[in-house]
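Structure below is upload07.txt: compact mmCIF, C-alpha atoms.
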```
# COMPACT_ATOMS: atom_id res chain seq x y z
CA MET L 1 -1.43 11.45 3.20
CA ILE L 2 -1.72 7.70 2.59
CA VAL L 3 -4.65 7.18 0.21
CA GLY L 4 -6.20 3.88 -0.84
CA LEU L 5 -8.94 1.31 -0.50
CA PRO L 6 -9.33 -1.11 2.42
CA ARG L 7 -6.92 -4.06 2.58
CA SER L 8 -4.44 -2.46 0.20
CA GLY L 9 -1.54 -2.35 2.69
CA SER L 10 -2.29 1.12 4.06
CA THR L 11 -2.12 0.09 7.73
CA TYR L 12 1.15 -1.73 7.19
CA LEU L 13 2.58 1.35 5.50
CA MET L 14 1.21 3.62 8.24
CA THR L 15 2.92 1.61 10.97
CA LEU L 16 6.13 1.27 8.97
CA LEU L 17 6.39 5.01 8.39
CA GLY L 18 5.35 5.72 11.95
CA SER L 19 8.32 3.72 13.23
CA HIS L 20 10.69 6.28 11.68
CA PRO L 21 11.73 8.88 14.30
CA ALA L 22 11.26 11.74 11.80
CA VAL L 23 7.69 10.73 10.87
CA TYR L 24 4.35 10.99 12.65
CA CYS L 25 1.77 8.88 10.82
CA SER L 26 -1.71 8.65 12.31
CA GLY L 27 -4.70 6.49 11.44
CA GLU L 28 -8.04 7.13 9.75
CA GLN L 29 -8.84 10.67 10.75
CA TYR L 30 -11.99 10.59 8.58
CA ASN L 31 -13.30 7.13 9.44
CA PRO L 32 -17.11 7.53 9.41
CA TYR L 33 -17.44 6.03 12.88
CA ALA L 34 -14.49 7.51 14.74
CA ILE L 35 -11.37 9.62 14.58
CA VAL L 36 -8.80 6.84 14.62
CA GLY L 37 -5.28 7.60 15.79
CA ILE L 38 -2.34 5.37 16.64
CA GLY L 39 -2.74 2.19 18.67
CA GLU L 40 -5.76 2.46 20.95
CA GLU L 41 -6.25 6.18 20.27
CA ARG L 42 -9.84 6.57 19.10
CA ASP L 43 -12.53 9.22 19.49
CA ASP L 44 -16.04 8.04 18.63
CA SER L 45 -17.84 10.73 20.64
CA PHE L 46 -20.53 12.95 19.15
CA GLU L 47 -18.51 15.99 20.13
CA GLY L 48 -15.38 14.77 18.38
CA VAL L 49 -16.78 13.10 15.27
CA VAL L 50 -19.72 15.36 14.50
CA ARG L 51 -19.04 18.78 15.98
CA GLN L 52 -15.27 18.97 15.67
CA ARG L 53 -14.79 17.04 12.43
CA ASP L 54 -17.88 16.45 10.28
CA ALA L 55 -19.32 19.93 10.82
CA ASP L 56 -16.03 21.41 9.54
CA PRO L 57 -14.05 18.71 7.71
CA VAL L 58 -11.70 21.13 5.96
CA GLY L 59 -10.92 22.99 9.18
CA PHE L 60 -10.32 19.63 10.84
CA LEU L 61 -7.76 18.82 8.13
CA ASP L 62 -5.89 22.05 8.76
CA ARG L 63 -6.06 21.61 12.53
CA PHE L 64 -4.59 18.13 12.27
CA TYR L 65 -1.40 19.44 10.69
CA ALA L 66 -1.30 22.58 12.83
CA GLU L 67 -2.17 21.13 16.24
CA ARG L 68 -1.94 17.36 16.37
CA VAL L 69 1.60 16.92 15.11
CA PRO L 70 4.20 16.40 17.86
CA PRO L 71 7.31 18.60 17.81
CA GLY L 72 10.51 17.43 16.23
CA VAL L 73 9.15 15.45 13.27
CA THR L 74 9.89 16.19 9.62
CA TRP L 75 6.74 14.68 8.13
CA ALA L 76 3.24 14.14 9.50
CA GLY L 77 0.28 12.44 7.89
CA PHE L 78 -2.59 10.01 8.19
CA LYS L 79 -4.62 7.42 6.29
CA PHE L 80 -7.44 8.55 4.04
CA MET L 81 -9.56 5.75 2.62
CA LEU L 82 -11.23 6.32 -0.75
CA GLY L 83 -14.85 6.76 0.27
CA HIS L 84 -14.13 8.91 3.31
CA ASN L 85 -15.13 12.58 3.60
CA ILE L 86 -15.68 14.18 0.18
CA ALA L 87 -15.22 17.75 1.44
CA ALA L 88 -11.78 16.89 2.80
CA PHE L 89 -10.91 15.16 -0.47
CA ARG L 90 -11.94 18.20 -2.52
CA ALA L 91 -9.87 20.44 -0.25
CA LEU L 92 -6.72 18.59 -1.33
CA ALA L 93 -6.74 20.49 -4.62
CA GLU L 94 -6.06 23.70 -2.70
CA ARG L 95 -3.23 22.12 -0.69
CA PRO L 96 -0.64 20.97 -3.24
CA ASP L 97 2.04 20.89 -0.55
CA ILE L 98 0.49 17.70 0.84
CA ARG L 99 2.32 14.70 -0.60
CA ILE L 100 0.17 11.73 -1.53
CA ILE L 101 1.21 8.11 -1.10
CA TYR L 102 -1.30 6.06 -3.08
CA VAL L 103 -1.51 2.33 -2.42
CA TRP L 104 -3.47 -0.23 -4.41
CA ARG L 105 -3.64 -4.00 -4.76
CA GLU L 106 -3.54 -5.79 -8.11
CA ASN L 107 -4.81 -9.08 -6.64
CA ARG L 108 -8.45 -8.16 -6.10
CA LEU L 109 -9.36 -11.64 -4.91
CA ALA L 110 -6.84 -11.35 -2.06
CA GLN L 111 -8.06 -7.85 -1.27
CA VAL L 112 -11.74 -8.81 -1.12
CA ALA L 113 -11.05 -12.01 0.82
CA SER L 114 -9.14 -9.99 3.40
CA LEU L 115 -11.97 -7.47 3.62
CA ILE L 116 -14.66 -10.13 4.11
CA LYS L 117 -12.65 -11.83 6.85
CA ALA L 118 -11.87 -8.59 8.68
CA THR L 119 -15.46 -7.37 8.45
CA ARG L 120 -16.85 -10.60 9.91
CA THR L 121 -14.28 -11.03 12.67
CA ARG L 122 -13.76 -7.31 13.43
CA ARG L 123 -10.03 -7.92 13.47
CA TRP L 124 -8.56 -5.35 11.13
CA ALA L 125 -4.93 -5.84 12.10
CA GLN L 126 -2.88 -8.06 14.37
CA GLN L 127 0.64 -8.25 15.66
CA LYS L 128 1.00 -11.90 16.69
CA PRO L 129 0.34 -15.09 14.69
CA ASP L 130 -2.54 -17.23 15.94
CA ALA L 131 -5.32 -19.55 14.71
CA HIS L 132 -7.13 -16.60 13.14
CA ILE L 133 -4.64 -16.56 10.26
CA ALA L 134 -5.60 -20.11 9.13
CA ARG L 135 -9.36 -19.56 9.57
CA ARG L 136 -11.10 -19.85 6.21
CA ILE L 137 -14.01 -17.75 4.98
CA ALA L 138 -17.32 -18.66 3.36
CA ALA L 139 -17.86 -16.56 0.25
CA LYS L 140 -19.57 -17.00 -3.11
CA PRO L 141 -17.95 -16.09 -6.44
CA ARG L 142 -20.56 -13.47 -7.32
CA GLN L 143 -20.26 -11.84 -3.92
CA ILE L 144 -16.54 -11.46 -4.54
CA SER L 145 -17.14 -10.31 -8.13
CA HIS L 146 -19.36 -7.50 -6.89
CA ARG L 147 -16.71 -6.16 -4.53
CA TRP L 148 -13.67 -6.54 -6.77
CA HIS L 149 -15.33 -4.68 -9.63
CA GLU L 150 -16.28 -1.93 -7.18
CA PHE L 151 -12.66 -1.71 -6.02
CA GLU L 152 -11.33 -1.80 -9.58
CA MET L 153 -13.59 1.04 -10.69
CA THR L 154 -12.74 3.21 -7.66
CA ASP L 155 -9.00 2.77 -8.15
CA TYR L 156 -9.37 3.46 -11.88
CA LEU L 157 -11.15 6.75 -11.26
CA PHE L 158 -8.75 7.81 -8.52
CA GLN L 159 -5.72 7.09 -10.72
CA HIS L 160 -7.11 9.51 -13.30
CA TRP L 161 -7.65 12.14 -10.60
CA LEU L 162 -4.14 11.67 -9.27
CA ALA L 163 -2.59 11.97 -12.72
CA GLN L 164 -3.80 15.55 -13.03
CA ALA L 165 -3.46 16.55 -9.37
CA PRO L 166 -0.80 19.16 -8.46
CA HIS L 167 0.63 17.10 -5.61
CA ARG L 168 3.91 15.28 -5.56
CA SER L 169 2.89 11.64 -5.28
CA ILE L 170 4.06 8.06 -5.38
CA THR L 171 1.98 5.05 -6.43
CA LEU L 172 2.67 1.73 -4.74
CA GLU L 173 1.23 -1.68 -5.49
CA TYR L 174 0.78 -3.92 -2.42
CA ARG L 175 3.68 -6.25 -3.23
CA GLU L 176 6.09 -3.35 -3.56
CA LEU L 177 5.68 -2.61 0.15
CA PHE L 178 7.45 -5.88 0.95
CA ALA L 179 10.10 -5.77 -1.77
CA PRO L 180 13.81 -5.41 -0.94
CA GLY L 181 14.84 -1.78 -0.79
CA PHE L 182 11.35 -0.45 -0.13
CA ARG L 183 12.29 1.38 3.07
CA GLU L 184 14.98 3.25 1.18
CA ARG L 185 12.55 4.04 -1.63
CA ILE L 186 9.81 5.49 0.57
CA CYS L 187 12.31 7.48 2.63
CA ASP L 188 13.77 8.90 -0.57
CA PHE L 189 10.27 10.07 -1.57
CA LEU L 190 10.04 11.97 1.71
CA GLY L 191 13.60 13.22 1.53
CA ILE L 192 14.69 11.61 4.80
CA ALA L 193 17.42 9.13 5.59
CA PRO L 194 16.31 5.51 6.09
CA ASP L 195 16.36 4.32 9.67
CA ARG L 196 17.31 0.75 10.56
CA ARG L 197 14.60 0.74 13.27
CA MET L 198 11.84 1.05 10.67
CA LYS L 199 9.56 -1.95 11.08
CA SER L 200 5.84 -2.63 11.09
CA PRO L 201 4.60 -4.82 13.95
CA LEU L 202 1.79 -6.29 11.84
CA VAL L 203 1.55 -9.89 10.63
CA LYS L 204 -0.32 -11.17 7.57
CA GLN L 205 -3.82 -12.37 8.45
CA GLY L 206 -4.35 -15.05 5.82
CA SER L 207 -2.65 -17.75 3.77
CA ASN L 208 -0.32 -16.40 1.12
CA THR L 209 -1.90 -18.84 -1.36
CA ILE L 210 -5.16 -17.01 -1.96
CA ALA L 211 -7.30 -20.02 -2.92
CA ASP L 212 -6.54 -21.54 0.50
CA ARG L 213 -8.38 -18.71 2.25
CA PHE L 214 -11.81 -20.08 1.30
CA GLU L 215 -13.98 -22.86 2.71
CA ASP L 216 -14.95 -23.86 -0.84
CA PRO L 217 -11.89 -23.06 -2.96
CA ARG L 218 -13.17 -25.11 -5.93
CA ALA L 219 -16.05 -22.78 -6.72
CA ILE L 220 -13.82 -19.74 -6.34
CA SER L 221 -11.07 -21.29 -8.45
CA THR L 222 -13.43 -22.30 -11.25
CA TYR L 223 -14.93 -18.83 -11.44
CA PHE L 224 -11.67 -16.92 -11.59
CA ARG L 225 -10.12 -19.29 -14.10
CA GLU L 226 -13.16 -18.86 -16.34
CA ILE L 227 -12.89 -15.06 -16.30
CA GLY L 228 -9.14 -15.02 -16.93
CA HIS L 229 -7.81 -14.22 -13.46
CA ALA L 230 -6.29 -17.56 -12.48
CA ARG L 231 -3.12 -15.76 -11.32
CA TRP L 232 -5.10 -14.34 -8.38
CA LEU L 233 -5.46 -17.86 -6.95
CA GLU L 234 -1.71 -18.31 -6.55
CA ASP L 235 0.79 -16.95 -4.05
CA GLU L 236 0.70 -13.19 -3.78
CA LEU L 237 4.07 -12.66 -2.06
```
Let me see whether you can do it: turn the structure in this file into structure tokens.
Amino acid sequence: MIVGLPRSGSTYLMTLLGSHPAVYCSGEQYNPYAIVGIGEERDDSFEGVVRQRDADPVGFLDRFYAERVPPGVTWAGFKFMLGHNIAAFRALAERPDIRIIYVWRENRLAQVASLIKATRTRRWAQQKPDAHIARRIAAKPRQISHRWHEFEMTDYLFQHWLAQAPHRSITLEYRELFAPGFRERICDFLGIAPDRRMKSPLVKQGSNTIADRFEDPRAISTYFREIGHARWLEDEL
């Protein structure tokens, strides 16, 4: 199970793992609005979301692994965003055989900027570069401060939960996903051989220099320098 907050690299990791022939990695099975699979696979019906999943979230978890997984794969999983179904999250304690891949992002300014842009444009991922990547966002420093503290607190609490959880887990910071040797590292965690065909089709949706993502970078820059996070304004990768 890939666990993390929005814009932490979870979709990139999902698609990267899913490109391995021995892995089946689905999308947000507990998204509040829909059961999200791979590509265009999405069930937002009342029957699917409410009756089959939300009325029995723990049974839905078990059925995913028992029924949804295609034959011939070694590992199967999906994305679980922190803030999704609490009953399913609690059920993890009774299923220590589920391995947890926890992703987080140290640069909270980049994370929140990406979230604001995706929320406004409804473009959560893309596979081809276009003008959307250079489009800047209008955001105020305090608006960003609200969200990054919320993210920081959630990750802090989850890290403490994970430290005492019985599961075998790996913790990955966003930049590690793009570091040399990462494919070998994540395959080693799963006990499978790396595959040269492993590749995510996604492209980055904003400038790598974080300050350049904003319509008014001066206000953002001043604020984050004042509070001691000037490094967040620089290149992330």
Proximity check region 102-170 of chain L to region 206-216 of chain L, 7 Å, nearest pairs one decimal Å, all atoms listed in the file, as a Markdown table:
```
| residue | atom | partner | partner_atom | distance |
| --- | --- | --- | --- | --- |
| L:Ala110 | CA | L:Ile210 | CA | 5.9 |
| L:Ile133 | CA | L:Gly206 | CA | 4.7 |
| L:Ala134 | CA | L:Gly206 | CA | 6.2 |
| L:Arg136 | CA | L:Arg213 | CA | 4.9 |
| L:Ile137 | CA | L:Phe214 | CA | 4.9 |
| L:Ala138 | CA | L:Glu215 | CA | 5.4 |
```
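CA of Pro96 (chain L) sits 4.7 Å away from CA of His167 (chain L).
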Could you name the residues that touch Leu172 (chain L) at 12 Å or less, counting all atoms listed in the file, but leaving out those on the same chain fewer than 4 positions away, as a CSV table (one decimal) with C-alpha atoms, in the coordinates of the input?
```csv
chain,number,residue,atom,x,y,z
L,2,ILE,CA,-1.7,7.7,2.6
L,3,VAL,CA,-4.6,7.2,0.2
L,4,GLY,CA,-6.2,3.9,-0.8
L,8,SER,CA,-4.4,-2.5,0.2
L,9,GLY,CA,-1.5,-2.4,2.7
L,10,SER,CA,-2.3,1.1,4.1
L,13,LEU,CA,2.6,1.4,5.5
L,100,ILE,CA,0.2,11.7,-1.5
L,101,ILE,CA,1.2,8.1,-1.1
L,102,TYR,CA,-1.3,6.1,-3.1
L,103,VAL,CA,-1.5,2.3,-2.4
L,104,TRP,CA,-3.5,-0.2,-4.4
L,105,ARG,CA,-3.6,-4.0,-4.8
L,106,GLU,CA,-3.5,-5.8,-8.1
L,159,GLN,CA,-5.7,7.1,-10.7
L,176,GLU,CA,6.1,-3.4,-3.6
L,177,LEU,CA,5.7,-2.6,0.2
L,178,PHE,CA,7.4,-5.9,1.0
L,179,ALA,CA,10.1,-5.8,-1.8
L,182,PHE,CA,11.4,-0.4,-0.1
L,185,ARG,CA,12.6,4.0,-1.6
L,186,ILE,CA,9.8,5.5,0.6
L,189,PHE,CA,10.3,10.1,-1.6
```
Which region 135-164 of chain L residues have any atom within 10 Å of an atom of region 64-88 of chain L, and for each, what is the nearest pair of atoms with distance in Å to one decimal, counting only C-alpha atoms, rows sorted by chain and number, as a tab-separated table?
```
residue	atom	partner	partner_atom	distance
L:Phe151	CA	L:Leu82	CA	9.7
L:Thr154	CA	L:Leu82	CA	7.7
L:Asp155	CA	L:Leu82	CA	8.5
L:Phe158	CA	L:Leu82	CA	8.3
```
Need the shell around region 39-48 of chain L: protein/DNA/RNA residues with any atom at most 10 Å away, counting all atoms listed in the file. Skip same-chain ones fewer than 5 positions apart. Format as a ChimeraX atom specification?
/L:15,26-29,31-34,53-55
Requested write-out: C-alpha atoms of the selected residues, as a PDB file, in the coordinates of the input:
```pdb
ATOM      1  CA  THR L  15       2.920   1.610  10.970  1.00  0.00           C
ATOM      2  CA  SER L  26      -1.710   8.650  12.310  1.00  0.00           C
ATOM      3  CA  GLY L  27      -4.700   6.490  11.440  1.00  0.00           C
ATOM      4  CA  GLU L  28      -8.040   7.130   9.750  1.00  0.00           C
ATOM      5  CA  GLN L  29      -8.840  10.670  10.750  1.00  0.00           C
ATOM      6  CA  ASN L  31     -13.300   7.130   9.440  1.00  0.00           C
ATOM      7  CA  PRO L  32     -17.110   7.530   9.410  1.00  0.00           C
ATOM      8  CA  TYR L  33     -17.440   6.030  12.880  1.00  0.00           C
ATOM      9  CA  ALA L  34     -14.490   7.510  14.740  1.00  0.00           C
ATOM     10  CA  ARG L  53     -14.790  17.040  12.430  1.00  0.00           C
ATOM     11  CA  ASP L  54     -17.880  16.450  10.280  1.00  0.00           C
ATOM     12  CA  ALA L  55     -19.320  19.930  10.820  1.00  0.00           C
TER      13      ALA L  55
END
```
Selected residue of minimal separation from Ala139 (chain L) among L:Ala165, L:Leu190, L:Leu92, L:Val112, counting all atoms listed in the file:
L:Val112
Write out as a list in words the residues lying within 6 Å of Met198 (chain L), counting all atoms listed in the file and excluding same-chain residues fewer than 2 positions away.
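Returned residues: Leu16, Ser19, His20, Asp195 and Arg196 of chain L.
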Pick out the closest residue to Arg197 (chain L) from this set: L:Pro21, L:Glu226, L:Met14, L:Pro6. Count only C-alpha atoms.
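Distance minimum relative to Arg197 (chain L) lands on L:Pro21.
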When you count all atoms listed in the file, which of these residues is closest to Asp97 (chain L): L:Arg183, L:Arg168, L:Arg218, L:Arg63?
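Comparing L:Arg183, L:Arg168, L:Arg218, L:Arg63 against Asp97 (chain L), the winner is L:Arg168.
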